[in-house]
$ cat work.txt   # compact mmCIF, C-alpha atoms
# COMPACT_ATOMS: atom_id res chain seq x y z
CA MET Q 9 270.68 109.49 45.91
CA LEU Q 10 272.61 108.01 42.98
CA ARG Q 11 272.61 109.90 39.74
CA SER Q 12 272.07 107.91 36.56
CA SER Q 13 271.87 108.50 32.83
CA SER Q 14 269.35 107.19 30.31
CA ARG Q 15 271.83 107.00 27.43
CA VAL Q 16 274.08 104.04 26.74
CA GLN Q 17 277.34 104.50 28.60
CA THR Q 18 280.45 102.91 27.08
CA VAL Q 19 282.84 101.58 29.71
CA TYR Q 20 286.38 100.76 28.61
CA VAL Q 21 287.92 97.82 30.47
CA ARG Q 22 291.47 96.60 30.78
CA LEU Q 23 292.94 93.99 33.10
CA MET Q 24 296.40 93.16 34.38
CA PHE Q 25 297.07 89.63 35.62
CA SER Q 26 299.29 90.54 38.57
CA ARG Q 27 299.86 86.94 39.63
CA ILE Q 28 298.81 83.57 38.24
CA GLY Q 29 298.65 80.85 40.86
CA GLU Q 30 298.06 77.12 40.63
CA ILE Q 31 296.29 75.80 37.53
CA ASP Q 32 294.09 72.90 38.67
CA THR Q 33 293.43 70.78 35.58
CA LEU Q 34 291.44 68.16 37.51
CA ASN Q 35 288.88 70.68 38.87
CA GLU Q 36 289.05 73.11 35.93
CA LYS Q 37 290.00 76.21 37.87
CA TYR Q 38 292.99 78.41 38.57
CA GLN Q 39 294.12 80.90 41.20
CA ALA Q 40 294.94 84.48 40.23
CA GLN Q 41 295.34 88.03 41.43
CA ALA Q 42 294.39 90.75 38.97
CA SER Q 43 293.85 94.48 38.68
CA ILE Q 44 290.90 95.72 36.64
CA GLU Q 45 290.59 99.24 35.36
CA ALA Q 46 287.20 100.39 34.02
CA ARG Q 47 286.86 103.97 32.80
CA TRP Q 48 283.92 105.93 31.45
CA GLN Q 49 283.45 109.51 30.33
CA VAL Q 50 281.77 112.02 32.65
CA GLU Q 51 280.98 115.69 32.55
CA ILE Q 52 283.53 117.61 34.55
CA ASP Q 53 280.81 119.71 36.20
CA LYS Q 54 279.43 116.62 37.94
CA ILE Q 55 282.61 115.83 39.87
CA LEU Q 56 284.15 119.26 40.44
CA PRO Q 57 281.92 120.03 43.48
CA ASP Q 58 283.32 116.91 45.19
CA LEU Q 59 286.94 117.99 44.74
CA SER Q 60 289.10 120.34 46.72
CA PRO Q 61 290.50 123.39 44.93
CA GLU Q 62 293.89 121.70 44.75
CA ASP Q 63 292.39 118.56 43.15
CA GLN Q 64 290.41 120.68 40.73
CA THR Q 65 293.63 122.30 39.57
CA ARG Q 66 295.33 118.91 39.21
CA LEU Q 67 292.39 117.51 37.23
CA THR Q 68 292.33 120.47 34.86
CA ALA Q 69 296.08 120.03 34.33
CA GLY Q 70 295.55 116.42 33.21
CA LYS Q 71 296.69 114.70 36.42
CA SER Q 72 294.91 111.88 38.19
CA VAL Q 73 292.94 112.68 41.34
CA SER Q 74 291.36 110.34 43.89
CA LEU Q 75 287.58 110.29 44.35
CA LEU Q 76 286.58 109.35 47.86
CA LYS Q 77 283.14 107.74 48.35
CA TYR Q 78 282.39 108.25 44.68
CA ALA Q 79 280.07 105.23 44.39
CA GLU Q 80 277.80 106.51 47.17
CA SER Q 81 276.57 109.51 45.20
CA HIS Q 82 277.40 108.89 41.53
CA TRP Q 83 276.61 106.45 38.77
CA THR Q 84 278.79 103.33 38.40
CA PRO Q 85 278.57 100.42 35.91
CA GLN Q 86 278.05 97.88 38.75
CA LEU Q 87 280.68 95.44 37.53
CA TYR Q 88 281.01 91.84 38.65
CA ILE Q 89 283.24 88.85 37.81
CA GLU Q 90 281.27 86.23 35.91
CA ASN Q 91 283.58 83.20 36.29
CA ALA Q 92 284.65 83.72 39.90
CA ILE Q 93 284.46 80.71 42.24
CA GLY Q 94 283.30 81.59 45.74
CA ASP Q 95 283.90 84.98 47.28
CA LEU Q 96 286.68 87.12 45.86
CA LYS Q 97 288.88 89.42 47.89
CA GLU Q 98 288.29 92.85 46.38
CA GLN Q 99 289.49 96.40 46.89
CA ILE Q 100 287.80 99.17 44.89
CA ARG Q 101 288.79 102.79 44.50
CA TYR Q 102 287.97 105.57 42.05
CA THR Q 103 290.06 108.20 40.31
CA ALA Q 104 289.41 110.86 37.69
CA LYS Q 105 291.69 112.06 34.93
CA LYS Q 106 291.52 114.29 31.89
CA TYR Q 107 292.93 112.41 28.90
CA ARG Q 108 294.91 114.24 26.27
CA GLN Q 109 293.68 112.03 23.46
CA ASP Q 110 290.15 113.49 23.41
CA ASN Q 111 290.44 116.23 26.08
CA GLN Q 112 287.63 114.55 28.06
CA VAL Q 113 287.40 113.65 31.74
CA TYR Q 114 287.09 109.96 32.64
CA VAL Q 115 286.31 108.30 35.93
CA CYS Q 116 288.32 105.12 36.50
CA GLU Q 117 287.26 102.28 38.76
CA HIS Q 118 290.32 100.39 40.00
CA ARG Q 119 289.37 96.95 41.24
CA ASP Q 120 292.02 94.64 42.74
CA ILE Q 121 290.76 91.06 42.97
CA LYS Q 122 292.18 87.80 44.28
CA GLY Q 123 290.64 84.34 44.26
CA ALA Q 124 289.77 81.27 42.20
CA PHE Q 125 288.34 81.41 38.70
CA TRP Q 126 286.55 78.72 36.73
CA GLU Q 127 287.88 77.93 33.27
CA LYS Q 128 286.72 75.29 30.82
CA LEU Q 129 289.93 73.48 29.91
CA GLU Q 130 290.13 72.02 26.40
CA LEU Q 131 292.14 68.80 26.61
CA HIS Q 132 291.82 67.45 23.06
CA HIS Q 133 295.55 67.93 22.49
CA PHE Q 134 296.72 66.92 25.98
CA PRO Q 135 299.60 66.91 26.87
CA SER Q 136 300.54 69.40 24.11
CA ASP Q 137 297.62 71.67 24.97
CA VAL Q 138 297.54 75.45 25.33
CA GLN Q 139 294.99 76.61 27.86
CA ASP Q 140 293.12 79.93 28.04
CA LEU Q 141 293.04 81.54 31.49
CA SER Q 142 290.36 84.19 31.42
CA VAL Q 143 288.55 86.66 33.63
CA SER Q 144 285.06 87.66 32.44
CA VAL Q 145 283.88 91.08 33.59
CA GLY Q 146 280.17 91.84 33.35
CA SER Q 147 277.76 94.59 34.35
CA MET Q 148 274.59 94.25 36.39
CA LEU Q 149 273.01 96.79 34.04
CA TYR Q 150 271.62 95.80 30.65
CA ASN Q 151 273.21 96.71 27.33
CA ASP Q 152 270.72 99.56 26.87
CA ARG Q 153 272.50 101.23 29.81
CA VAL Q 154 276.07 99.94 29.75
CA LEU Q 155 278.30 98.68 26.93
CA LEU Q 156 281.62 97.12 27.97
CA ALA Q 157 284.47 97.35 25.47
CA PRO Q 158 288.25 96.73 25.48
CA ASP Q 159 290.24 99.84 26.26
CA PRO Q 160 291.56 101.09 22.89
CA HIS Q 161 294.44 103.08 24.41
CA ASN Q 162 295.58 100.86 27.30
CA GLY Q 163 296.02 97.17 26.51
CA SER Q 164 295.63 94.37 29.03
CA GLY Q 165 298.68 92.41 30.14
CA VAL Q 166 300.12 89.72 32.36
CA ASN Q 167 303.01 89.66 34.81
CA LEU Q 168 305.19 86.78 33.65
CA GLU Q 169 307.48 86.93 36.68
CA ALA Q 170 304.81 86.19 39.30
CA PHE Q 171 303.74 82.80 37.94
CA VAL Q 172 303.59 79.96 40.45
CA ASP Q 173 303.28 76.97 38.09
CA GLN Q 174 306.36 77.70 35.98
CA GLN Q 175 307.53 74.09 36.39
CA GLU Q 176 304.34 72.76 34.79
CA TRP Q 177 303.25 75.58 32.46
CA GLN Q 178 304.73 78.18 30.15
CA LEU Q 179 302.93 81.52 30.34
CA TYR Q 180 302.73 83.76 27.27
CA ALA Q 181 302.80 87.57 27.35
CA TYR Q 182 300.09 87.95 24.70
CA VAL Q 183 296.62 88.76 26.11
CA ASP Q 184 293.29 88.66 24.25
CA SER Q 185 290.22 90.80 24.86
CA ALA Q 186 286.81 89.74 23.52
CA GLN Q 187 283.37 91.32 23.78
CA ARG Q 188 280.19 89.26 23.96
CA PHE Q 189 276.59 89.46 25.15
CA ILE Q 190 274.47 87.06 27.18
CA ASP Q 191 270.70 86.80 26.99
CA GLU Q 192 268.73 87.68 30.08
CA PHE Q 193 265.79 85.46 31.00
CA ASP Q 194 263.06 87.61 32.50
CA LEU Q 195 260.45 85.84 34.66
CA HIS Q 196 258.08 88.79 34.30
CA SER Q 197 258.38 88.50 30.54
CA ALA Q 198 257.39 84.81 30.71
CA ALA Q 199 254.33 85.69 32.77
CA ASN Q 200 253.33 88.39 30.30
CA ASP Q 201 253.60 85.92 27.42
CA GLU Q 202 251.04 83.69 29.08
CA ASP Q 203 248.63 86.64 29.30
CA ASP Q 204 249.36 87.66 25.69
CA GLU Q 205 250.78 90.96 26.90
CA PRO Q 206 253.77 92.50 25.10
CA SER Q 207 257.01 92.84 26.95
CA GLY Q 208 259.69 95.41 26.22
CA SER Q 209 262.55 93.48 27.85
CA GLU Q 210 262.73 90.51 25.46
CA ASP Q 211 265.84 91.71 23.63
CA ARG Q 212 267.75 92.95 26.66
CA LYS Q 213 271.21 91.48 27.12
CA ARG Q 214 274.12 91.93 29.45
CA SER Q 215 277.48 93.08 28.13
CA ILE Q 216 280.47 90.88 28.98
CA ILE Q 217 284.14 91.41 28.22
CA THR Q 218 286.58 88.52 28.59
CA ILE Q 219 290.31 89.10 29.04
CA THR Q 220 292.38 85.99 28.41
CA CYS Q 221 296.01 85.05 28.89
CA HIS Q 222 297.46 81.79 27.60
CA ALA Q 223 299.55 79.03 29.16
CA ALA Q 224 301.12 76.02 27.44
CA ARG Q 225 301.60 72.82 29.39
CA GLN Q 226 305.20 71.71 29.93
CA SER Q 227 304.71 68.40 28.16
CA HIS Q 228 308.19 66.85 28.42
CA TYR Q 229 307.16 64.83 31.47
CA PHE Q 230 304.21 63.27 29.59
CA TYR Q 231 306.32 62.62 26.50
CA TRP Q 232 308.81 60.57 28.51
CA ASN Q 233 306.39 59.01 31.00
CA GLY Q 234 303.40 58.69 28.67
CA TYR Q 235 304.09 58.42 24.97
CA SER Q 236 307.52 56.80 25.30
CA LEU Q 237 306.37 54.09 27.73
CA ILE Q 238 303.41 53.17 25.53
CA PHE Q 239 305.77 53.14 22.54
CA PHE Q 240 308.20 50.78 24.30
CA ILE Q 241 305.37 48.46 25.37
CA MET Q 242 304.16 48.21 21.76
CA LEU Q 243 307.71 47.79 20.49
CA SER Q 244 308.35 44.98 23.00
CA SER Q 245 305.36 43.06 21.67
CA TYR Q 246 307.16 42.46 18.37
CA THR Q 247 309.88 40.47 20.15
CA LEU Q 248 307.25 37.74 20.66
CA PHE Q 249 307.59 36.84 16.98
CA LEU Q 250 311.05 35.45 17.83
CA ILE Q 251 309.39 32.74 19.91
CA PRO Q 252 308.65 29.68 17.73
CA PRO Q 253 304.97 29.65 16.69
CA HIS Q 254 304.37 26.21 18.18
CA GLN Q 255 305.08 27.72 21.63
CA MET Q 256 301.73 29.44 21.42
CA ALA Q 257 301.20 29.51 25.21
CA ASN Q 258 304.39 31.52 25.79
CA ARG Q 259 303.49 34.01 23.07
CA ILE Q 260 299.94 34.53 24.36
CA GLN Q 261 301.04 34.74 28.00
CA SER Q 262 303.69 37.39 27.28
CA GLY Q 263 301.32 39.32 25.00
CA CYS Q 264 298.56 39.37 27.61
CA THR Q 265 301.05 40.57 30.24
CA LEU Q 266 301.99 43.52 28.02
CA LEU Q 267 298.30 44.17 27.37
CA LEU Q 268 297.42 44.30 31.07
CA THR Q 269 300.44 46.52 31.71
CA SER Q 270 299.23 48.96 29.05
CA ILE Q 271 295.67 49.05 30.47
CA THR Q 272 296.95 49.64 34.02
CA PHE Q 273 299.17 52.44 32.77
CA ARG Q 274 296.17 54.14 31.12
CA TRP Q 275 294.25 54.11 34.41
CA THR Q 276 297.20 55.76 36.15
CA VAL Q 277 297.41 58.56 33.58
CA ASN Q 278 293.65 59.22 33.63
CA ARG Q 279 293.71 59.95 37.37
CA SER Q 280 295.37 63.30 36.70
CA LEU Q 281 292.66 64.43 34.25
CA PRO Q 282 289.06 65.54 34.78
CA THR Q 283 286.21 63.32 33.63
CA ILE Q 284 285.57 64.41 30.06
CA SER Q 285 283.35 63.05 27.29
CA TYR Q 286 286.07 62.99 24.62
CA LEU Q 287 289.48 61.46 24.12
CA THR Q 288 292.73 63.36 24.45
CA SER Q 289 295.62 62.75 22.06
CA LEU Q 290 297.36 60.70 24.77
CA ASP Q 291 294.17 58.64 25.23
CA ILE Q 292 294.02 57.95 21.49
CA TYR Q 293 297.65 56.87 21.44
CA GLY Q 294 297.14 54.62 24.48
CA ILE Q 295 294.05 52.98 22.93
CA LEU Q 296 295.96 52.56 19.67
CA GLY Q 297 298.68 50.74 21.59
CA ILE Q 298 296.10 48.44 23.19
CA VAL Q 299 294.62 47.68 19.75
CA TYR Q 300 298.07 46.75 18.44
CA LEU Q 301 298.66 44.43 21.38
CA VAL Q 302 295.23 42.77 21.01
CA ILE Q 303 295.79 42.17 17.28
CA ASN Q 304 299.20 40.64 17.97
CA VAL Q 305 297.81 38.34 20.67
CA ILE Q 306 294.99 37.23 18.34
CA TRP Q 307 297.55 36.53 15.60
CA HIS Q 308 299.72 34.44 17.95
CA ALA Q 309 296.68 32.40 18.95
CA ALA Q 310 295.62 31.99 15.31
CA ILE Q 311 299.02 30.89 13.98
CA GLY Q 312 299.44 28.51 16.90
CA GLY Q 313 296.01 27.00 16.26
CA LEU Q 314 296.79 26.49 12.55
CA LEU Q 315 300.07 24.77 13.40
CA PHE Q 316 298.29 22.46 15.85
CA GLU Q 317 295.64 21.66 13.24
CA TYR Q 318 297.76 21.06 10.14
CA VAL Q 319 301.34 20.25 11.27
CA PRO Q 320 302.00 16.76 12.56
CA GLY Q 321 303.74 16.74 15.92
CA PHE Q 322 302.91 20.42 16.40
CA VAL Q 323 306.53 21.46 15.74
CA SER Q 324 307.40 24.50 13.61
CA LYS Q 325 310.32 24.36 11.22
CA PRO Q 326 311.84 27.26 9.25
CA ASP Q 327 310.77 25.78 5.89
CA LEU Q 328 307.12 25.42 6.84
CA LYS Q 329 304.65 27.59 4.95
CA LEU Q 330 302.89 28.74 8.15
CA VAL Q 331 306.23 29.85 9.64
CA LYS Q 332 306.92 31.93 6.52
CA ILE Q 333 303.43 33.46 6.78
CA ASP Q 334 304.22 34.29 10.42
CA ARG Q 335 307.39 36.12 9.29
CA ILE Q 336 305.43 38.02 6.63
CA ALA Q 337 302.84 39.00 9.25
CA PHE Q 338 305.65 40.36 11.42
CA CYS Q 339 307.03 42.48 8.56
CA VAL Q 340 303.60 43.84 7.61
CA SER Q 341 302.65 44.61 11.21
CA PHE Q 342 305.96 46.28 11.99
CA GLY Q 343 305.77 48.30 8.76
CA ILE Q 344 302.28 49.56 9.71
CA PHE Q 345 303.66 50.38 13.17
CA ILE Q 346 306.43 52.55 11.70
CA ILE Q 347 304.14 54.31 9.18
CA THR Q 348 301.56 55.03 11.88
CA HIS Q 349 304.14 56.70 14.10
CA ILE Q 350 305.47 58.80 11.23
CA LEU Q 351 301.92 60.03 10.56
CA LEU Q 352 301.42 60.73 14.28
CA LEU Q 353 304.60 62.83 14.40
CA ILE Q 354 303.43 64.83 11.37
CA TRP Q 355 300.02 65.38 12.99
CA LEU Q 356 301.66 66.42 16.28
CA TYR Q 357 303.75 69.04 14.50
CA CYS Q 358 300.97 70.38 12.27
CA VAL Q 359 298.08 70.47 14.77
CA PRO Q 360 298.85 70.63 18.54
CA LEU Q 361 302.29 72.24 18.26
CA LYS Q 362 301.04 74.74 15.66
CA HIS Q 363 299.07 76.54 18.37
CA ARG Q 364 302.24 76.92 20.41
CA ARG Q 365 304.12 78.30 17.42
CA ASP Q 366 301.30 80.80 16.81
CA MET Q 367 301.38 81.95 20.44
CA GLN Q 368 305.16 82.28 20.34
CA LYS Q 369 304.86 84.33 17.14
CA ARG Q 370 302.36 86.68 18.84
CA ASP Q 371 304.72 86.99 21.79
CA ASP Q 372 307.59 87.92 19.49
CA GLN Q 373 305.44 90.52 17.73
CA LEU Q 374 304.42 91.98 21.10
CA LYS Q 375 308.06 92.23 22.20
CA LEU Q 376 308.98 93.83 18.87
CA THR Q 377 306.19 96.39 19.29
CA LYS Q 378 307.38 97.27 22.80
CA SER Q 379 310.98 97.61 21.64
CA ARG Q 380 309.92 100.16 19.02
CA LYS Q 381 308.01 102.37 21.46
CA PRO Q 382 310.98 104.57 22.54
CA ALA Q 383 311.51 105.50 18.88
CA ASN Q 384 307.94 106.74 18.52
CA ASN Q 385 307.71 110.42 17.54
CA ASN Q 386 304.49 111.02 19.44
CA GLY Q 387 306.37 111.77 22.62
CA PRO Q 388 306.59 110.18 26.07
CA SER Q 389 302.86 110.39 26.70
CA ASN Q 390 302.16 107.98 23.85
CA VAL Q 391 304.70 105.50 25.17
CA LYS Q 392 303.04 105.50 28.54
CA ARG Q 393 299.60 105.16 27.03
CA ASN Q 394 300.45 101.94 25.21
CA ASP Q 395 302.30 100.32 28.10
CA PRO Q 396 299.94 97.69 29.59
CA THR Q 397 301.25 98.32 33.12
CA SER Q 398 301.63 102.11 33.03
CA SER Q 399 298.42 103.26 34.75
CA TYR Q 400 298.10 100.61 37.45
CA GLU Q 401 298.68 101.42 41.08
CA ARG Q 402 298.28 97.97 42.60
CA ILE Q 403 297.34 97.56 46.22
CA PRO Q 404 298.35 94.29 47.90
CA ILE Q 405 295.37 92.15 48.87
CA ASN Q 406 295.73 90.27 52.12

$ encode --input "work.txt" --output "structure tokens"
Amino acid sequence: MLRSSSRVQTVYVRLMFSRIGEIDTLNEKYQAQASIEARWQVEIDKILPDLSPEDQTRLTAGKSVSLLKYAESHWTPQLYIENAIGDLKEQIRYTAKKYRQDNQVYVCEHRDIKGAFWEKLELHHFPSDVQDLSVSVGSMLYNDRVLLAPDPHNGSGVNLEAFVDQQEWQLYAYVDSAQRFIDEFDLHSAANDEDDEPSGSEDRKRSIITITCHAARQSHYFYWNGYSLIFFIMLSSYTLFLIPPHQMANRIQSGCTLLLTSITFRWTVNRSLPTISYLTSLDIYGILGIVYLVINVIWHAAIGGLLFEYVPGFVSKPDLKLVKIDRIAFCVSFGIFIITHILLLIWLYCVPLKHRRDMQKRDDQLKLTKSRKPANNNGPSNVKRNDPTSSYERIPIN
């Protein structure tokens, strides 16, 4: 029979992303293999009877010992992965160790997982976006029994070498850990409310901890095959002003061809993105290009109509007032075109690319912190404690 405790048990969680697989933007998911370590404090008297004399000596000396069939007869936090898609491949084992920091014995649940994980991808700044790749670990027990918290002594981490999508994404070494709670809807509580009976489970929540790594999209492809092509299409539309205004049909025909080309190009780009209810930065730029082309086509039709109405013979000459107005319209439109792109470049640097600079700064700080660890006066044990990969013994998952 499983032994349990009525007090709130704090479980410290850390996670190591062993391998990040394909990031599927279209279906909002990614593949990953990770190792989760969850540790909680126990009384040494509760686990000593299950250990051999040799393991008891090792545990007392501060060394890690394996606990076989621990979950069959002892309390566990009953962890699960909240954002997993389908069935995960899992391997679970338990160890015990006496930590020098507080001289207490902790049981550690080592969980190696492999599978697909759902992630809501924010594409407002596509293709200059930085995506969060997270694993959310929860407990089947309520927060009055279990409280999940980031491990204060062993930070989470990510293996940058085992990253499949290096051609499309840049993975950062910095990893976030966040604690949150989710409300639990109790059907029995709803039934009690109808009978005007009080319920003691209204405020119960489940504790969730989310460990997140970050990946920036390699956006050079979209800059050259997205932004630059739209830019050249818009820029080509201004060559139509060199056609005499009385050749209105040629101006409108060429302008409409560029307009249809721009619309077709937008459909092609949108095929690689999920259906979302908002516009990405590339969408806004593409729509802006279409607006420019539509305004130019309308202007060519308008100036041609005015020439046909007020100029005898429908022939434009350089000294005509309407021709001079057409040249002024070209200068004003092209000036707005240049100013708009200058503002877009400033926005690109200050908003989407700022997130990348912040992540790079955090990466540099993390590397600087690791480089200073050997000079720490607390001894080798402190160096090992702060190393995100020090306490993992990963088992390959087939």

$ closest_residue --input "work.txt" --among "Q:Tyr286, Q:Ile295, Q:Ala337, Q:Met256" --to "Phe322 in chain Q" --atoms "all atoms listed in the file"
Q:Met256

$ closest_residue --input "work.txt" --among "Q:Asp159, Q:Glu30, Q:Asp63, Q:Glu90" --to "Arg47 in chain Q" --atoms "only C-alpha atoms"
Q:Asp159

$ closest_atom_pairs --input "work.txt" --of "range 78-173 of chain Q" --to "range 359-376 of chain Q" --cutoff "10 Å" --atoms "all atoms listed in the file" --output "tab-separated table"
residue	atom	partner	partner_atom	distance
Q:His132	CA	Q:Pro360	CA	8.9
Q:His133	CA	Q:Pro360	CA	5.8
Q:Phe134	CA	Q:Pro360	CA	8.6
Q:Pro135	CA	Q:Pro360	CA	9.2
Q:Ser136	CA	Q:Pro360	CA	5.9
Q:Asp137	CA	Q:Pro360	CA	6.6
Q:Val138	CA	Q:Arg364	CA	7.0

$ closest_residue --input "work.txt" --among "Q:Ala257, Q:Ala224, Q:Ile52, Q:Ala46" --to "Asn111 in chain Q" --atoms "only C-alpha atoms"
Q:Ile52

$ atom_distance --input "work.txt" --atom1 "CA of Tyr78 in chain Q" --atom2 "CA of Tyr102 in chain Q"
6.7 Å

$ atom_distance --input "work.txt" --atom1 "CA of Asp173 in chain Q" --atom2 "CA of Leu23 in chain Q"
20.5 Å

$ residues_around --input "work.txt" --residues "Ile217 in chain Q" --least-positions-apart "5" --cutoff "8 Å" --atoms "all atoms listed in the file" --output "VMD selection string"
chain Q and resid 21 144 to 146 156 to 158 185 to 188

$ closest_residue --input "work.txt" --among "Q:Leu287, Q:Leu168, Q:Leu328, Q:Val50" --to "Pro253 in chain Q" --atoms "only C-alpha atoms"
Q:Leu328

$ atom_distance --input "work.txt" --atom1 "CA of Thr220 in chain Q" --atom2 "CA of Asp152 in chain Q"
25.6 Å

$ axis_aligned_box --input "work.txt" --around "range 14-29 of chain Q" --padding-each-side "4 Å" --output "lines of an AutoDock Vina configuration file"
center_x = 284.6
center_y = 94.0
center_z = 33.8
size_x = 38.5
size_y = 34.3
size_z = 22.1

$ closest_residue --input "work.txt" --among "Q:Asp58, Q:Asp327, Q:Asp32, Q:Asp334" --to "Glu176 in chain Q" --atoms "only C-alpha atoms"
Q:Asp32

$ residues_near_point --input "work.txt" --point "(293.8, 85.0, 41.0)" --cutoff "8 Å" --atoms "all atoms listed in the file" --output "list of chain:residue names"
Q:Phe25, Q:Arg27, Q:Ile28, Q:Gly29, Q:Tyr38, Q:Gln39, Q:Ala40, Q:Gln41, Q:Ala42, Q:Ile121, Q:Lys122, Q:Gly123, Q:Ala124, Q:Phe125

$ build_atoms --input "work.txt" --residues "range 122-135 of chain Q" --atoms "N, CA, C and O atoms" --output "PDB file, keeping the file's coordinate frame"
ATOM      1  N   LYS Q 122     291.367  88.980  44.008  1.00  0.00           N
ATOM      2  CA  LYS Q 122     292.180  87.800  44.280  1.00  0.00           C
ATOM      3  C   LYS Q 122     291.264  86.650  44.622  1.00  0.00           C
ATOM      4  O   LYS Q 122     290.351  86.798  45.446  1.00  0.00           O
ATOM      5  N   GLY Q 123     291.473  85.499  43.979  1.00  0.00           N
ATOM      6  CA  GLY Q 123     290.640  84.340  44.260  1.00  0.00           C
ATOM      7  C   GLY Q 123     290.776  83.270  43.209  1.00  0.00           C
ATOM      8  O   GLY Q 123     291.757  83.234  42.457  1.00  0.00           O
ATOM      9  N   ALA Q 124     289.782  82.392  43.154  1.00  0.00           N
ATOM     10  CA  ALA Q 124     289.770  81.270  42.200  1.00  0.00           C
ATOM     11  C   ALA Q 124     288.795  81.585  41.077  1.00  0.00           C
ATOM     12  O   ALA Q 124     287.738  82.184  41.298  1.00  0.00           O
ATOM     13  N   PHE Q 125     289.151  81.151  39.875  1.00  0.00           N
ATOM     14  CA  PHE Q 125     288.340  81.410  38.700  1.00  0.00           C
ATOM     15  C   PHE Q 125     288.119  80.104  37.943  1.00  0.00           C
ATOM     16  O   PHE Q 125     289.055  79.308  37.768  1.00  0.00           O
ATOM     17  N   TRP Q 126     286.877  79.917  37.507  1.00  0.00           N
ATOM     18  CA  TRP Q 126     286.550  78.720  36.730  1.00  0.00           C
ATOM     19  C   TRP Q 126     286.966  78.927  35.285  1.00  0.00           C
ATOM     20  O   TRP Q 126     286.832  80.008  34.719  1.00  0.00           O
ATOM     21  N   GLU Q 127     287.490  77.873  34.679  1.00  0.00           N
ATOM     22  CA  GLU Q 127     287.880  77.930  33.270  1.00  0.00           C
ATOM     23  C   GLU Q 127     287.662  76.558  32.641  1.00  0.00           C
ATOM     24  O   GLU Q 127     288.123  75.546  33.165  1.00  0.00           O
ATOM     25  N   LYS Q 128     286.926  76.540  31.545  1.00  0.00           N
ATOM     26  CA  LYS Q 128     286.720  75.290  30.820  1.00  0.00           C
ATOM     27  C   LYS Q 128     288.004  74.941  30.077  1.00  0.00           C
ATOM     28  O   LYS Q 128     288.396  75.634  29.136  1.00  0.00           O
ATOM     29  N   LEU Q 129     288.653  73.868  30.488  1.00  0.00           N
ATOM     30  CA  LEU Q 129     289.930  73.480  29.910  1.00  0.00           C
ATOM     31  C   LEU Q 129     289.709  72.513  28.753  1.00  0.00           C
ATOM     32  O   LEU Q 129     289.067  71.475  28.915  1.00  0.00           O
ATOM     33  N   GLU Q 130     290.221  72.875  27.586  1.00  0.00           N
ATOM     34  CA  GLU Q 130     290.130  72.020  26.400  1.00  0.00           C
ATOM     35  C   GLU Q 130     291.329  71.088  26.369  1.00  0.00           C
ATOM     36  O   GLU Q 130     292.474  71.538  26.260  1.00  0.00           O
ATOM     37  N   LEU Q 131     291.066  69.779  26.484  1.00  0.00           N
ATOM     38  CA  LEU Q 131     292.140  68.800  26.610  1.00  0.00           C
ATOM     39  C   LEU Q 131     292.245  67.879  25.393  1.00  0.00           C
ATOM     40  O   LEU Q 131     292.785  66.781  25.500  1.00  0.00           O
ATOM     41  N   HIS Q 132     291.727  68.303  24.242  1.00  0.00           N
ATOM     42  CA  HIS Q 132     291.820  67.450  23.060  1.00  0.00           C
ATOM     43  C   HIS Q 132     293.261  67.128  22.710  1.00  0.00           C
ATOM     44  O   HIS Q 132     293.575  66.004  22.296  1.00  0.00           O
ATOM     45  N   HIS Q 133     294.157  68.103  22.882  1.00  0.00           N
ATOM     46  CA  HIS Q 133     295.550  67.930  22.490  1.00  0.00           C
ATOM     47  C   HIS Q 133     296.472  67.652  23.673  1.00  0.00           C
ATOM     48  O   HIS Q 133     297.685  67.822  23.552  1.00  0.00           O
ATOM     49  N   PHE Q 134     295.903  67.264  24.824  1.00  0.00           N
ATOM     50  CA  PHE Q 134     296.720  66.920  25.980  1.00  0.00           C
ATOM     51  C   PHE Q 134     297.703  65.794  25.614  1.00  0.00           C
ATOM     52  O   PHE Q 134     297.316  64.834  24.961  1.00  0.00           O
ATOM     53  N   PRO Q 135     298.992  65.909  25.989  1.00  0.00           N
ATOM     54  CA  PRO Q 135     299.600  66.910  26.870  1.00  0.00           C
ATOM     55  C   PRO Q 135     300.262  68.084  26.149  1.00  0.00           C
ATOM     56  O   PRO Q 135     301.049  68.807  26.748  1.00  0.00           O
TER      57      PRO Q 135
END
